[in-house]
Every structure is written in C-alpha cells, then in structure tokens.
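structure28.cif follows (mmCIF, C-alpha atoms and all ligand atoms):
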```cif
data_run
#
loop_
_atom_site.label_atom_id
_atom_site.label_comp_id
_atom_site.auth_asym_id
_atom_site.auth_seq_id
_atom_site.Cartn_x
_atom_site.Cartn_y
_atom_site.Cartn_z
CA MET A 1 -47.92 66.69 91.49
CA GLU A 2 -46.00 64.16 93.60
CA SER A 3 -43.14 62.33 91.84
CA LYS A 4 -40.53 59.62 92.34
CA VAL A 5 -37.82 58.11 90.12
CA VAL A 6 -38.46 54.54 88.97
CA LYS A 7 -36.34 52.10 86.99
CA THR A 8 -37.69 51.39 83.50
CA GLU A 9 -36.36 49.71 80.39
CA GLY A 10 -34.42 51.84 77.89
CA ASN A 11 -34.02 55.63 77.61
CA GLY A 12 -31.23 55.72 80.17
CA GLY A 13 -32.89 53.28 82.53
CA TYR A 14 -34.47 55.75 84.95
CA GLU A 15 -37.46 57.99 84.40
CA ARG A 16 -39.38 60.37 86.58
CA ASN A 17 -42.72 58.84 87.43
CA PHE A 18 -45.51 61.12 88.63
CA VAL A 19 -47.12 58.70 91.06
CA SER A 20 -50.29 60.61 91.72
CA LEU A 21 -51.84 59.60 88.36
CA GLU A 22 -53.56 56.24 88.06
CA ILE A 23 -54.52 54.53 84.80
CA THR A 24 -57.63 52.36 84.78
CA ASP A 25 -57.63 48.97 83.01
CA LYS A 26 -59.94 50.39 80.35
CA GLU A 27 -57.70 53.42 79.77
CA PHE A 28 -54.61 51.22 79.59
CA SER A 29 -56.15 48.90 77.01
CA SER A 30 -57.37 51.88 74.92
CA PHE A 31 -53.82 53.28 74.88
CA ALA A 32 -52.30 49.87 74.11
CA ASP A 33 -54.69 49.55 71.10
CA LEU A 34 -53.89 53.05 69.89
CA ILE A 35 -50.13 52.50 70.20
CA TYR A 36 -50.42 49.26 68.25
CA ARG A 37 -52.49 50.88 65.49
CA LEU A 38 -50.09 53.81 65.11
CA THR A 39 -46.72 52.08 65.51
CA GLY A 40 -47.05 48.29 65.56
CA ILE A 41 -45.51 48.39 69.04
CA TYR A 42 -47.24 45.70 71.08
CA ILE A 43 -47.77 46.77 74.67
CA THR A 44 -48.53 44.11 77.28
CA ASP A 45 -49.55 44.68 80.86
CA LYS A 46 -45.86 44.39 81.88
CA LYS A 47 -45.32 47.80 80.23
CA ARG A 48 -48.05 49.48 82.27
CA GLN A 49 -45.59 51.43 84.45
CA LEU A 50 -43.61 52.53 81.42
CA VAL A 51 -46.74 53.83 79.66
CA ILE A 52 -47.82 55.70 82.79
CA SER A 53 -44.40 57.21 83.30
CA ARG A 54 -43.90 58.34 79.69
CA LEU A 55 -47.42 59.70 79.16
CA THR A 56 -47.71 61.45 82.49
CA LYS A 57 -45.23 64.02 81.16
CA ARG A 58 -47.64 64.85 78.35
CA LEU A 59 -50.69 64.93 80.63
CA LYS A 60 -48.84 67.29 82.92
CA PHE A 61 -47.77 69.45 79.97
CA PHE A 62 -51.41 69.94 78.90
CA GLY A 63 -52.81 70.06 82.45
CA PHE A 64 -54.98 66.94 82.06
CA GLY A 65 -55.98 65.14 85.27
CA THR A 66 -56.86 61.75 83.72
CA PHE A 67 -55.54 59.52 80.94
CA SER A 68 -59.00 59.55 79.31
CA GLU A 69 -58.77 63.32 78.79
CA TYR A 70 -55.43 62.89 76.99
CA TYR A 71 -56.83 59.98 74.94
CA ASP A 72 -59.83 62.09 73.84
CA PHE A 73 -57.50 64.99 73.00
CA LEU A 74 -55.47 62.73 70.66
CA HIS A 75 -58.72 61.99 68.80
CA ASP A 76 -59.80 65.64 68.64
CA PRO A 77 -58.84 67.81 65.62
CA ALA A 78 -57.10 70.16 68.10
CA GLY A 79 -54.87 67.29 69.25
CA VAL A 80 -53.76 66.01 65.83
CA ILE A 81 -50.44 67.77 66.16
CA GLU A 82 -49.83 65.98 69.49
CA VAL A 83 -50.03 62.51 67.93
CA ARG A 84 -46.37 62.62 66.83
CA GLU A 85 -45.18 63.62 70.29
CA PHE A 86 -47.34 60.85 71.78
CA ILE A 87 -45.56 58.36 69.49
CA ASN A 88 -42.17 59.89 70.35
CA GLN A 89 -42.86 59.27 74.04
CA ILE A 90 -43.71 55.61 73.45
CA THR A 91 -40.63 54.56 71.46
CA THR A 92 -37.55 53.23 73.25
CA ASN A 93 -34.39 54.63 71.68
CA LYS A 94 -31.44 52.95 73.38
CA THR A 95 -28.49 52.70 70.99
CA ASP A 96 -24.69 53.00 70.89
CA PHE A 97 -21.81 53.46 68.48
CA PHE A 98 -20.38 50.07 67.44
CA ARG A 99 -23.28 48.26 69.13
CA GLU A 100 -23.02 44.53 68.33
CA ALA A 101 -19.63 45.21 66.75
CA HIS A 102 -19.42 41.82 64.98
CA HIS A 103 -21.81 43.17 62.33
CA PHE A 104 -19.36 45.93 61.45
CA ASP A 105 -16.46 43.42 61.43
CA PHE A 106 -18.44 41.34 58.95
CA ILE A 107 -18.94 44.36 56.69
CA SER A 108 -15.26 45.32 56.70
CA ASP A 109 -13.80 41.78 56.59
CA THR A 110 -16.25 39.94 54.32
CA MET A 111 -19.03 41.95 52.75
CA LEU A 112 -17.16 44.93 51.31
CA PRO A 113 -14.12 42.92 50.10
CA GLY A 114 -16.65 40.66 48.33
CA LEU A 115 -18.22 43.63 46.52
CA HIS A 116 -14.76 45.02 45.76
CA ASN A 117 -13.66 41.72 44.18
CA GLN A 118 -16.79 41.71 42.03
CA ASN A 119 -15.87 45.22 40.83
CA GLU A 120 -19.00 46.57 42.46
CA ARG A 121 -18.44 50.18 43.56
CA SER A 122 -21.93 51.16 44.62
CA VAL A 123 -23.16 50.37 48.16
CA ARG A 124 -26.58 51.08 49.61
CA PHE A 125 -27.42 50.52 53.27
CA TRP A 126 -30.62 51.10 55.20
CA SER A 127 -30.57 51.62 58.95
CA ALA A 128 -34.23 50.95 59.82
CA GLY A 129 -35.04 52.24 63.31
CA CYS A 130 -31.87 54.34 63.43
CA SER A 131 -32.75 56.09 66.70
CA THR A 132 -30.31 58.96 67.46
CA GLY A 133 -27.92 58.00 64.66
CA GLU A 134 -25.13 56.03 66.31
CA GLU A 135 -25.88 53.04 64.03
CA PRO A 136 -25.77 54.88 60.65
CA TYR A 137 -22.74 56.93 61.73
CA THR A 138 -20.89 53.75 62.76
CA LEU A 139 -21.76 52.27 59.37
CA ALA A 140 -20.48 55.38 57.60
CA ILE A 141 -17.16 55.18 59.48
CA ILE A 142 -16.75 51.48 58.70
CA LEU A 143 -17.59 51.90 55.02
CA LEU A 144 -15.15 54.80 54.58
CA GLU A 145 -12.38 53.08 56.53
CA THR A 146 -12.76 49.82 54.61
CA ILE A 147 -12.84 51.51 51.21
CA GLU A 148 -9.74 53.50 52.17
CA SER A 149 -7.93 50.24 52.97
CA PHE A 150 -8.42 48.81 49.46
CA LYS A 151 -5.34 49.11 47.26
CA SER A 152 -7.36 49.75 44.11
CA ARG A 153 -10.01 52.00 45.55
CA GLY A 154 -11.62 53.46 42.44
CA SER A 155 -14.46 55.81 43.13
CA TRP A 156 -17.17 54.36 45.33
CA ASP A 157 -20.74 55.55 45.55
CA VAL A 158 -21.90 55.01 49.14
CA LYS A 159 -25.32 55.93 50.52
CA ILE A 160 -26.96 55.19 53.85
CA LEU A 161 -30.65 55.73 54.43
CA ALA A 162 -31.49 56.22 58.12
CA THR A 163 -35.17 56.01 59.09
CA ASP A 164 -37.18 56.13 62.27
CA LEU A 165 -40.72 56.80 63.39
CA ASP A 166 -39.71 59.12 66.23
CA THR A 167 -39.21 62.69 65.00
CA ASN A 168 -37.16 63.71 68.05
CA VAL A 169 -34.46 61.09 67.46
CA MET A 170 -34.49 61.88 63.73
CA LYS A 171 -33.57 65.50 64.52
CA ARG A 172 -30.70 64.25 66.65
CA THR A 173 -29.48 62.00 63.83
CA VAL A 174 -29.49 64.97 61.45
CA ALA A 175 -27.60 67.11 63.99
CA GLY A 176 -25.01 64.36 64.59
CA VAL A 177 -23.92 65.93 67.89
CA TYR A 178 -22.94 63.59 70.74
CA GLU A 179 -21.66 63.86 74.29
CA GLU A 180 -18.07 62.75 74.71
CA ALA A 181 -19.08 59.74 76.85
CA LYS A 182 -21.18 58.43 73.94
CA LEU A 183 -18.09 58.34 71.68
CA LYS A 184 -16.24 55.94 74.00
CA PRO A 185 -16.60 52.89 71.73
CA ILE A 186 -14.84 54.81 68.94
CA SER A 187 -11.02 54.69 68.93
CA SER A 188 -9.36 58.05 69.52
CA ALA A 189 -7.83 58.00 66.02
CA LEU A 190 -11.25 57.56 64.41
CA ARG A 191 -12.80 60.13 66.74
CA THR A 192 -10.30 62.75 65.65
CA LYS A 193 -10.71 61.80 62.02
CA TYR A 194 -14.52 61.85 61.92
CA PHE A 195 -15.74 64.23 64.69
CA SER A 196 -15.10 67.91 65.49
CA PRO A 197 -15.50 69.63 68.88
CA ALA A 198 -18.94 71.28 69.04
CA GLY A 199 -19.04 72.97 72.44
CA PRO A 200 -18.15 71.85 75.97
CA GLY A 201 -18.08 68.04 76.08
CA LEU A 202 -19.77 67.77 72.68
CA PHE A 203 -18.60 66.41 69.33
CA GLU A 204 -20.21 66.68 65.92
CA ALA A 205 -19.92 64.21 63.03
CA LYS A 206 -17.91 65.75 60.20
CA PRO A 207 -19.54 66.42 56.80
CA ILE A 208 -17.66 63.46 55.30
CA LEU A 209 -19.94 61.22 57.43
CA LYS A 210 -23.09 63.35 57.28
CA ASN A 211 -22.94 63.57 53.48
CA LEU A 212 -23.39 59.79 53.23
CA ILE A 213 -26.55 59.71 55.35
CA THR A 214 -30.12 60.67 54.43
CA VAL A 215 -32.60 60.78 57.32
CA LYS A 216 -36.30 60.11 56.68
CA ARG A 217 -39.40 59.33 58.72
CA LEU A 218 -40.75 55.88 57.96
CA ASN A 219 -43.12 53.67 59.90
CA LEU A 220 -41.98 50.09 59.36
CA MET A 221 -45.65 49.05 59.37
CA ASP A 222 -46.27 51.10 56.19
CA PRO A 223 -45.31 50.16 52.60
CA TYR A 224 -41.65 50.87 51.76
CA PRO A 225 -41.29 53.42 48.95
CA PHE A 226 -37.91 52.28 47.55
CA LYS A 227 -37.21 51.73 43.88
CA LYS A 228 -33.73 50.19 44.18
CA GLY A 229 -32.58 47.38 46.46
CA PHE A 230 -30.11 47.65 49.35
CA ASN A 231 -26.88 45.70 49.77
CA GLY A 232 -27.57 45.62 53.49
CA ILE A 233 -30.41 46.40 55.86
CA PHE A 234 -29.86 46.96 59.55
CA CYS A 235 -33.05 46.29 61.50
CA ARG A 236 -31.61 45.81 64.96
CA ASN A 237 -33.45 45.92 68.26
CA VAL A 238 -36.68 47.07 66.62
CA LEU A 239 -38.52 43.81 65.87
CA ILE A 240 -38.56 42.97 69.60
CA TYR A 241 -41.34 45.52 70.04
CA PHE A 242 -43.61 43.86 67.46
CA THR A 243 -45.83 40.76 67.51
CA GLN A 244 -44.49 37.56 65.94
CA GLU A 245 -46.80 38.07 62.94
CA ASP A 246 -45.70 41.67 62.41
CA ARG A 247 -42.02 40.67 62.69
CA LYS A 248 -42.55 38.20 59.85
CA ARG A 249 -44.41 40.79 57.80
CA VAL A 250 -41.60 43.36 58.25
CA VAL A 251 -38.87 40.83 57.42
CA ASN A 252 -40.74 39.71 54.28
CA LYS A 253 -41.08 43.32 53.14
CA MET A 254 -37.38 43.92 53.79
CA HIS A 255 -36.48 40.74 51.89
CA ALA A 256 -38.08 42.26 48.78
CA HIS A 257 -35.81 45.32 49.13
CA ILE A 258 -32.49 43.49 49.52
CA ARG A 259 -30.41 42.86 46.39
CA PRO A 260 -29.70 39.18 45.64
CA GLY A 261 -26.80 38.08 47.86
CA GLY A 262 -27.33 41.12 50.13
CA PHE A 263 -27.61 40.99 53.91
CA LEU A 264 -30.07 41.56 56.74
CA PHE A 265 -28.61 42.37 60.17
CA LEU A 266 -30.87 41.83 63.19
CA GLY A 267 -30.45 42.50 66.90
CA HIS A 268 -28.95 39.85 69.20
CA SER A 269 -32.33 38.52 70.37
CA GLU A 270 -34.09 38.65 67.01
CA SER A 271 -33.19 35.40 65.25
CA LEU A 272 -35.13 34.29 62.18
CA LEU A 273 -36.28 30.96 60.89
CA ALA A 274 -34.10 32.13 58.03
CA ASP A 275 -34.48 29.33 55.48
CA SER A 276 -38.23 29.57 55.55
CA MET A 277 -38.00 33.30 54.91
CA GLY A 278 -35.65 33.31 51.92
CA PHE A 279 -32.40 33.90 53.83
CA ARG A 280 -29.34 31.82 54.66
CA ASN A 281 -28.38 32.11 58.34
CA LEU A 282 -24.68 33.05 58.54
CA GLY A 283 -24.71 33.15 62.34
CA HIS A 284 -24.36 36.15 64.67
CA THR A 285 -27.78 37.42 63.49
CA ILE A 286 -26.50 38.00 59.95
CA TYR A 287 -28.76 36.72 57.16
CA GLN A 288 -27.94 36.53 53.45
CA LYS A 289 -30.72 36.77 50.86
CA LEU A 290 -30.78 33.52 48.90
C1 LIG B 1 -34.00 50.40 70.60
S1 LIG B 1 -33.88 51.47 69.20
C2 LIG B 1 -32.69 50.61 68.20
C3 LIG B 1 -31.69 51.55 67.57
C4 LIG B 1 -30.63 50.87 66.71
N1 LIG B 1 -31.21 50.16 65.61
C5 LIG B 1 -29.77 49.95 67.54
O1 LIG B 1 -29.92 48.72 67.47
O2 LIG B 1 -28.95 50.45 68.32
C6 LIG B 1 -35.43 51.14 68.35
C7 LIG B 1 -35.85 52.23 67.39
O3 LIG B 1 -36.91 51.75 66.56
C8 LIG B 1 -37.83 52.79 66.35
N2 LIG B 1 -39.14 52.22 65.99
C9 LIG B 1 -40.04 51.58 66.79
N3 LIG B 1 -41.14 51.24 66.12
C10 LIG B 1 -40.94 51.66 64.84
C11 LIG B 1 -41.73 51.61 63.66
N4 LIG B 1 -42.96 51.05 63.63
N5 LIG B 1 -41.23 52.16 62.53
C12 LIG B 1 -40.00 52.74 62.54
N6 LIG B 1 -39.21 52.82 63.61
C13 LIG B 1 -39.68 52.30 64.76
C14 LIG B 1 -37.83 53.56 67.65
O4 LIG B 1 -38.29 54.90 67.48
C15 LIG B 1 -36.38 53.48 68.09
O5 LIG B 1 -35.65 54.61 67.73
#
```
Starting from the coordinates I provided, produce the structure as structure tokens.
Amino acid sequence: MESKVVKTEGNGGYERNFVSLEITDKEFSSFADLIYRLTGIYITDKKRQLVISRLTKRLKFFGFGTFSEYYDFLHDPAGVIEVREFINQITTNKTDFFREAHHFDFISDTMLPGLHNQNERSVRFWSAGCSTGEEPYTLAIILLETIESFKSRGSWDVKILATDLDTNVMKRTVAGVYEEAKLKPISSALRTKYFSPAGPGLFEAKPILKNLITVKRLNLMDPYPFKKGFNGIFCRNVLIYFTQEDRKRVVNKMHAHIRPGGFLFLGHSESLLADSMGFRNLGHTIYQKL
C-alpha cells in the first residue's frame, strides 16, 4: 500500500496517510454519523483527510480494501470488540503538563486558600477528557504543593477523578510514564520531587501523585454517575469537538455536579454564556457556580 506523511491536527501533528484508499461521500457520511452517535464528536467535511488517515490504519490491520467493509465489520457481532479501537483512533489527545497554566495559578493562589480559610479540608476534582494524564498529574502536583505551603495544614482529603472515552490514553494515565521532553514545563525541583526515572529517557509519576488519581472510562454524552459534587471540574479542549447544543448539554450536566461556589475550567477557545448557564464568568475561562 502506497503511503505519504501528511500534516493533520493533533496527535503530534503528522500522521502517515495511506493514499491509495479513497472514501466515497456516502462512506464518509456513514462514518461521520457513527462517530457522532458513539462519541458526540461532530465531524465535518474538513476532517475528511483526518478520518481517512486514522481509519486506514485499522483497514490495513484487518486487510479490508474499502471503508464500507470496515463499516460493516463494526456492525457485525465479530467486530464488536473493534468498536473501542475505532473510537480510540478518532479522538484527538493533544495535552501537556501545565497547559493553560493560569488555571493552576488560580487554584493555588485563590481557590485552595479560600477553602483553607473556610476550614474545608476535602477537595474533589474531575479532569473530564484527561487524555494521557498530564492534566490530572499537574493538578495533583499543584494541590499537594499548595497544601504543603499552608502554615496550618491539618489533614486534607484530596481526590482527583480522571476520565476519558479513549481506552489507550486511559492506560497511559494509569501508567503515569512520560518521556523526558514531556516534563519540560515542570520545574526541575518538582520533577525530582514527584517523578522517578523509569528507563532510558523515561520518568514515572511517584505513588504520592498516583494515589490521588482514579482513572475511569466515561463518555461525556452519557449520564454522570456521581453521588457527591466536585469543587472543580476541568473540561478543557474537549467541548470544541461537540456541536453547540451538545456543549450546552454537557455544561448543564456538569453544573449539576459542581458544589455551590465551585469552579468549571474550560479550554482557551471554549467560552460560555456563563450567566445564562448558572455560572459567574471570572475571566480566563474560569467559571464559578452561582
Ligand atoms: C484534546 S484532549 C484534551 C486533554 C486535556 N483536557 C487538555 O486540555 O490538555 C481531548 C480529550 O477528550 C476526549 N474525549 C473526546 N470526546 C469525548 C467524550 N465524548 N467523552 C469523554 N472524553 C472524550 C478525547 O479522548 C481526548 O483525550
């Protein structure tokens, strides 16, 4: 099969594209419908090349010559087990430690001191769409560092729930192993404190971080099975993949799971009409539940 490297959005920016496979308009719209039904990810024609490039790997793996054969396989009892891998191929997982660092500054400078002053010692965060774990691990570092800085620390109960739809990135979050280049945004003092060498050029998050984080599979389109509310929800760079209606639906569901006075953190291009949705806009894509 002939191949060339093309530039695509996310996942490192470049992907191998097997050019010999064509997708018909009908096949493309069937896949776009299926992706939407399974994930809420809304695929327009602009993403045609990305869909071809990501799915061609799976077609090649199974030896299918057309996209229709792969589509039929996904609907066949024999292909049920492939559905997760199909979804994994479609998600875009770009993330970084300390991405949009102002959110972490807000937590250490404003949010946690506020809880501390109110004698609150229990903190619950949800990283929704956690990808490979850089976001929940950054949160864990910030929470531990901030608590350590308080004069009267007391004993805090900190928990971070990290969820994603993509089972491959979930495994990587659980493993907590990163290439050295990925750790660049973390100061060397914090790197030494919170990561151990784990092979050539690799570093693993220490148990003190891992113990705070629970990783679960959750489709944001499904009902949320939580009994208690969160002090903060991170839902960053996920809503961009959804339709305007689905974004609203997700934010409304999240609103119901934030404690009064708690916070919603969105990605830089995901601003809300906050007042109409039960939040006060604090700027920098930080929203406080009214
Ligand atoms: C671009 S990453 C963002 C990672 C991180 N939040 C950040 O801002 O760095 C988007 C993540 O959302 C996940 N995702 C996409 N659709 C989802 C859905 N319906 N339910 C749960 N997670 C989803 C993807 O698998 C991917 O890991």
Which residue of A:Val51, A:Leu165, A:Ala198, A:Leu183 approaches Asp222 (chain A) most closely, using only C-alpha atoms:
A:Leu165
Test item: axis-aligned box, all listed atoms of ligand LIG 1 (chain B), 3 Å on each side, centre and edges in Å rounded to one decimal, as AutoDock Vina command-line options:
```
--center_x -36.0 --center_y 51.8 --center_z 66.6 --size_x 20.0 --size_y 12.2 --size_z 14.1
```
Quick one: of A:Glu145, A:Glu135, A:Asp157, A:Glu204, who's nearest to ligand LIG 1 (chain B), counting only C-alpha atoms and all ligand atoms?
A:Glu135
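If you measure from each of A:Leu144, A:Leu264, A:Ile35, A:Leu55 to Ser127 (chain A) using only C-alpha atoms, the closest one turns out to be A:Leu264.
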Can you build me a table of chain A residues sitting at most 6 Å from ligand LIG 1 (chain B), with the closest atom pair per residue and its distance in Å to one decimal, using all atoms listed in the file, sorted by chain and residue number, as a Markdown table?
```
| residue | atom | partner | partner_atom | distance |
| --- | --- | --- | --- | --- |
| A:Thr39 | CA | B:LIG1 | N4 | 4.3 |
| A:Gly40 | CA | B:LIG1 | N4 | 5.3 |
| A:Ile41 | CA | B:LIG1 | N3 | 6.0 |
| A:Thr91 | CA | B:LIG1 | O4 | 4.6 |
| A:Thr92 | CA | B:LIG1 | C1 | 5.3 |
| A:Asn93 | CA | B:LIG1 | S1 | 4.0 |
| A:Lys94 | CA | B:LIG1 | C1 | 4.6 |
| A:Thr95 | CA | B:LIG1 | O2 | 3.5 |
| A:Asp96 | CA | B:LIG1 | O2 | 5.6 |
| A:Gly129 | CA | B:LIG1 | O3 | 3.8 |
| A:Cys130 | CA | B:LIG1 | N1 | 4.8 |
| A:Ser131 | CA | B:LIG1 | O5 | 3.4 |
| A:Glu135 | CA | B:LIG1 | C4 | 5.9 |
| A:Asp164 | CA | B:LIG1 | N6 | 4.1 |
| A:Leu165 | CA | B:LIG1 | C12 | 4.2 |
| A:Asp166 | CA | B:LIG1 | O4 | 4.6 |
| A:Leu218 | CA | B:LIG1 | C12 | 5.6 |
| A:Asn219 | CA | B:LIG1 | N5 | 3.6 |
| A:Leu220 | CA | B:LIG1 | N5 | 3.9 |
| A:Met221 | CA | B:LIG1 | N4 | 5.4 |
| A:Cys235 | CA | B:LIG1 | N1 | 5.9 |
| A:Arg236 | CA | B:LIG1 | O1 | 4.2 |
| A:Asn237 | CA | B:LIG1 | O1 | 4.6 |
| A:Val238 | CA | B:LIG1 | C6 | 4.6 |
```
Could you please take those selected residues and save C-alpha atoms as a CSV table (one decimal), keeping the file's coordinate frame?
```
chain,number,residue,atom,x,y,z
A,39,THR,CA,-46.7,52.1,65.5
A,40,GLY,CA,-47.0,48.3,65.6
A,41,ILE,CA,-45.5,48.4,69.0
A,91,THR,CA,-40.6,54.6,71.5
A,92,THR,CA,-37.6,53.2,73.2
A,93,ASN,CA,-34.4,54.6,71.7
A,94,LYS,CA,-31.4,53.0,73.4
A,95,THR,CA,-28.5,52.7,71.0
A,96,ASP,CA,-24.7,53.0,70.9
A,129,GLY,CA,-35.0,52.2,63.3
A,130,CYS,CA,-31.9,54.3,63.4
A,131,SER,CA,-32.8,56.1,66.7
A,135,GLU,CA,-25.9,53.0,64.0
A,164,ASP,CA,-37.2,56.1,62.3
A,165,LEU,CA,-40.7,56.8,63.4
A,166,ASP,CA,-39.7,59.1,66.2
A,218,LEU,CA,-40.8,55.9,58.0
A,219,ASN,CA,-43.1,53.7,59.9
A,220,LEU,CA,-42.0,50.1,59.4
A,221,MET,CA,-45.6,49.0,59.4
A,235,CYS,CA,-33.0,46.3,61.5
A,236,ARG,CA,-31.6,45.8,65.0
A,237,ASN,CA,-33.4,45.9,68.3
A,238,VAL,CA,-36.7,47.1,66.6
```
Counting all atoms listed in the file, which residue out of A:Ser29, A:Gln49, A:Ser276, A:Ser155 sits closest to His255 (chain A)?
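Among the listed residues, the smallest separation from His255 (chain A) belongs to A:Ser276.
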Could you tell me how far CA of Glu85 (chain A) sits from CA of Ser53 (chain A), in Å to one decimal place?
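These atoms are spaced 14.5 Å apart.
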Counting all atoms listed in the file, the residue among A:Phe86, A:Phe230, A:Phe263, A:Phe279 that lies closest to Met111 (chain A) is A:Phe263
Using all atoms listed in the file, can you list as a PDB file with C-alpha atoms, in the frame of the given file the residues within 10 Å of (-22.9, 53.5, 59.8)?
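Below you can see selection_16.pdb, which holds the result:
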```pdb
ATOM      1  CA  PHE A  97     -21.810  53.460  68.480  1.00  0.00           C
ATOM      2  CA  PHE A  98     -20.380  50.070  67.440  1.00  0.00           C
ATOM      3  CA  PHE A 104     -19.360  45.930  61.450  1.00  0.00           C
ATOM      4  CA  PHE A 125     -27.420  50.520  53.270  1.00  0.00           C
ATOM      5  CA  TRP A 126     -30.620  51.100  55.200  1.00  0.00           C
ATOM      6  CA  SER A 127     -30.570  51.620  58.950  1.00  0.00           C
ATOM      7  CA  CYS A 130     -31.870  54.340  63.430  1.00  0.00           C
ATOM      8  CA  GLY A 133     -27.920  58.000  64.660  1.00  0.00           C
ATOM      9  CA  GLU A 134     -25.130  56.030  66.310  1.00  0.00           C
ATOM     10  CA  GLU A 135     -25.880  53.040  64.030  1.00  0.00           C
ATOM     11  CA  PRO A 136     -25.770  54.880  60.650  1.00  0.00           C
ATOM     12  CA  TYR A 137     -22.740  56.930  61.730  1.00  0.00           C
ATOM     13  CA  THR A 138     -20.890  53.750  62.760  1.00  0.00           C
ATOM     14  CA  LEU A 139     -21.760  52.270  59.370  1.00  0.00           C
ATOM     15  CA  ALA A 140     -20.480  55.380  57.600  1.00  0.00           C
ATOM     16  CA  ILE A 141     -17.160  55.180  59.480  1.00  0.00           C
ATOM     17  CA  ILE A 142     -16.750  51.480  58.700  1.00  0.00           C
ATOM     18  CA  LEU A 143     -17.590  51.900  55.020  1.00  0.00           C
ATOM     19  CA  LEU A 144     -15.150  54.800  54.580  1.00  0.00           C
ATOM     20  CA  LYS A 159     -25.320  55.930  50.520  1.00  0.00           C
ATOM     21  CA  ILE A 160     -26.960  55.190  53.850  1.00  0.00           C
ATOM     22  CA  LEU A 161     -30.650  55.730  54.430  1.00  0.00           C
ATOM     23  CA  ALA A 162     -31.490  56.220  58.120  1.00  0.00           C
ATOM     24  CA  LEU A 209     -19.940  61.220  57.430  1.00  0.00           C
ATOM     25  CA  LEU A 212     -23.390  59.790  53.230  1.00  0.00           C
ATOM     26  CA  ILE A 213     -26.550  59.710  55.350  1.00  0.00           C
ATOM     27  CA  PHE A 234     -29.860  46.960  59.550  1.00  0.00           C
TER      28      PHE A 234
END
```
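Interatomic distance, CA of Asn252 (chain A) to CA of Tyr42 (chain A): 19.0 Å.
Of the residues listed (A:Ile258, A:Val177, A:Met170, A:Leu74), A:Val177 shows the shortest atom-to-atom separation from Gly199 (chain A); distances use only C-alpha atoms.
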Any idea what's packed within 12 Å of Val83 (chain A), counting only C-alpha atoms, ignoring anything in its chain fewer than 5 positions away? Could you give it as JSON, numbers by chain?
{"A": [34, 35, 38, 39, 55, 58, 70, 71, 72, 73, 74, 75, 76, 77, 78, 88, 89, 90, 165, 166, 167]}
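One distance worth recording is that between CA of Gly262 (chain A) and CA of Trp156 (chain A), which is 17.4 Å.
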Kindly write N, CA and C atoms of region 66-80 of chain A from the structure just given to a file, as a short mmCIF file (atom, residue, chain, number, x, y, z; two decimals), in the first residue's frame.
```cif
data_model
loop_
_atom_site.label_atom_id
_atom_site.label_comp_id
_atom_site.auth_asym_id
_atom_site.auth_seq_id
_atom_site.Cartn_x
_atom_site.Cartn_y
_atom_site.Cartn_z
N THR A 66 -11.89 -1.58 1.36
CA THR A 66 -12.77 -0.40 1.27
C THR A 66 -13.26 -0.01 2.66
N PHE A 67 -13.65 1.27 2.79
CA PHE A 67 -14.18 1.75 4.06
C PHE A 67 -15.52 1.08 4.40
N SER A 68 -16.29 0.72 3.36
CA SER A 68 -17.58 0.05 3.61
C SER A 68 -17.37 -1.28 4.31
N GLU A 69 -16.33 -2.02 3.93
CA GLU A 69 -16.08 -3.32 4.58
C GLU A 69 -15.82 -3.11 6.07
N TYR A 70 -15.03 -2.07 6.39
CA TYR A 70 -14.72 -1.80 7.81
C TYR A 70 -16.00 -1.36 8.54
N TYR A 71 -16.81 -0.54 7.88
CA TYR A 71 -18.07 -0.06 8.49
C TYR A 71 -18.98 -1.25 8.80
N ASP A 72 -19.11 -2.18 7.83
CA ASP A 72 -19.96 -3.36 8.05
C ASP A 72 -19.41 -4.22 9.18
N PHE A 73 -18.09 -4.33 9.24
CA PHE A 73 -17.44 -5.12 10.30
C PHE A 73 -17.79 -4.55 11.68
N LEU A 74 -17.80 -3.23 11.81
CA LEU A 74 -18.12 -2.59 13.10
C LEU A 74 -19.55 -2.88 13.53
N HIS A 75 -20.40 -3.23 12.55
CA HIS A 75 -21.80 -3.54 12.87
C HIS A 75 -22.06 -5.04 12.96
N ASP A 76 -21.02 -5.83 12.79
CA ASP A 76 -21.13 -7.29 12.83
C ASP A 76 -20.77 -7.76 14.24
N PRO A 77 -21.44 -8.81 14.78
CA PRO A 77 -21.07 -9.28 16.11
C PRO A 77 -19.56 -9.55 16.23
N ALA A 78 -18.93 -10.01 15.15
CA ALA A 78 -17.49 -10.31 15.20
C ALA A 78 -16.65 -9.04 15.39
N GLY A 79 -17.24 -7.88 15.04
CA GLY A 79 -16.47 -6.64 15.10
C GLY A 79 -16.73 -5.80 16.35
N VAL A 80 -17.59 -6.31 17.24
CA VAL A 80 -17.97 -5.52 18.43
C VAL A 80 -16.74 -5.07 19.21
#
```
